[in-house]
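Undergrad: Below are the structure tokens for one structure; questions will follow.
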Amino acid sequence: MKNILISFLLLSIFIGCEKPQDKKVDNVKFSEAVPGGCALGDSTHVKDGIIEPDTVYFTLQDGNLNVFVGFNAECCLKFATDSHIGNDTIFMYINYLPSSLCNCLCYYTYNFLFTGIVDPYYYVVNIDDWLIFNGQIAP
């Protein structure tokens, strides 16, 4: 009887520790990150003491997702973008590349484009580990 209980206990632990199946993400595809504002070197977005709100918002239509990211940073900075999808979360990264610095503020924008969104997803936008946004996308 004791062996049966031990076997049952070990089986319960094994089943309880089994890794849940990853959400199927093969339909969701990252298309591109489109730079705008100062990310394009657009000097009309250079601000003298005027700060635009740091923001993330999204639009979703027919499975096509557009995540808009806007943030203030020092002028002349260069950034690289990347994205990946893990389980039920879309991760978007904007990382600083070494470049010269300037003495002004600028408003950078990026549009992250995805296709195939039919299920709810969480999102995380990480701007060089100093500004992080997160939320949920619900079709």
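All residue names refer to the structure tokens as shown: chains lettered A, B, ... in order, residues numbered from 1 in each chain, ligands numbered from 1 in order.
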Show which residues sit within 7 Å of Val34 of chain A, as an mmCIF file with N, CA, C and O atoms, in the first residue's frame. Count only C-alpha atoms, and ignore same-chain residues fewer than 3 positions away.
TA:
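out.cif was written with the following content:
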data_model
loop_
_atom_site.group_PDB
_atom_site.id
_atom_site.type_symbol
_atom_site.label_atom_id
_atom_site.label_comp_id
_atom_site.auth_asym_id
_atom_site.auth_seq_id
_atom_site.Cartn_x
_atom_site.Cartn_y
_atom_site.Cartn_z
ATOM 1 N N TYR A 110 8.127 54.827 -33.737
ATOM 2 C CA TYR A 110 8.265 53.558 -34.464
ATOM 3 C C TYR A 110 6.887 52.919 -34.540
ATOM 4 O O TYR A 110 6.119 52.944 -33.578
ATOM 5 N N ASN A 111 6.574 52.346 -35.694
ATOM 6 C CA ASN A 111 5.368 51.547 -35.878
ATOM 7 C C ASN A 111 5.793 50.104 -36.097
ATOM 8 O O ASN A 111 6.442 49.796 -37.102
ATOM 9 N N PHE A 112 5.449 49.234 -35.158
ATOM 10 C CA PHE A 112 5.724 47.799 -35.279
ATOM 11 C C PHE A 112 4.507 47.159 -35.930
ATOM 12 O O PHE A 112 3.384 47.289 -35.429
#
Undergrad: Just want the 7 Å neighbourhood of Gly135 of chain A, counted on only C-alpha atoms, with same-chain residues fewer than 2 positions away dropped. Output as number ranges by chain.
TA: A: 122-124, 137
Undergrad: Determine, counting only C-alpha atoms, which protein, DNA and RNA residues have an atom within 8 Å of an atom of Thr55 of chain A; residues of the same chain fewer than 6 positions away are not included. Present the result as a list in words.
TA: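 Close residues of Thr55 of chain A: Phe68, Val69, Gly70 and Phe71 of chain A.
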Undergrad: Pick from A:Asn134, A:Ser83, A:Gln61, A:Ser99: nearest to Ser31 of chain A, with only C-alpha atoms counted?
TA: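 With only C-alpha atoms as the atom set, the closest residue is A:Ser83.
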Undergrad: Restricting the calculation to only C-alpha atoms: of A:Asp129, A:Asp62, A:Asp54, A:Glu32, which residue gets closest to Thr81 of chain A?
TA: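 The answer is A:Glu32, which sits nearest to Thr81 of chain A.
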Undergrad: Go through A:Gln136, A:Asn103, A:Asn27, A:Thr109 one by one, measure the shortest atom-to-atom distance of each to Cys75 of chain A using only C-alpha atoms, and give the residue with the smallest value.
TA: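 Closest candidate: A:Asn103.
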Undergrad: How many Å separate atom CA of Lys29 of chain A from atom CA of Gly41 of chain A?
TA: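 Separating atom CA of Lys29 of chain A from atom CA of Gly41 of chain A is a distance of 27.9 Å.
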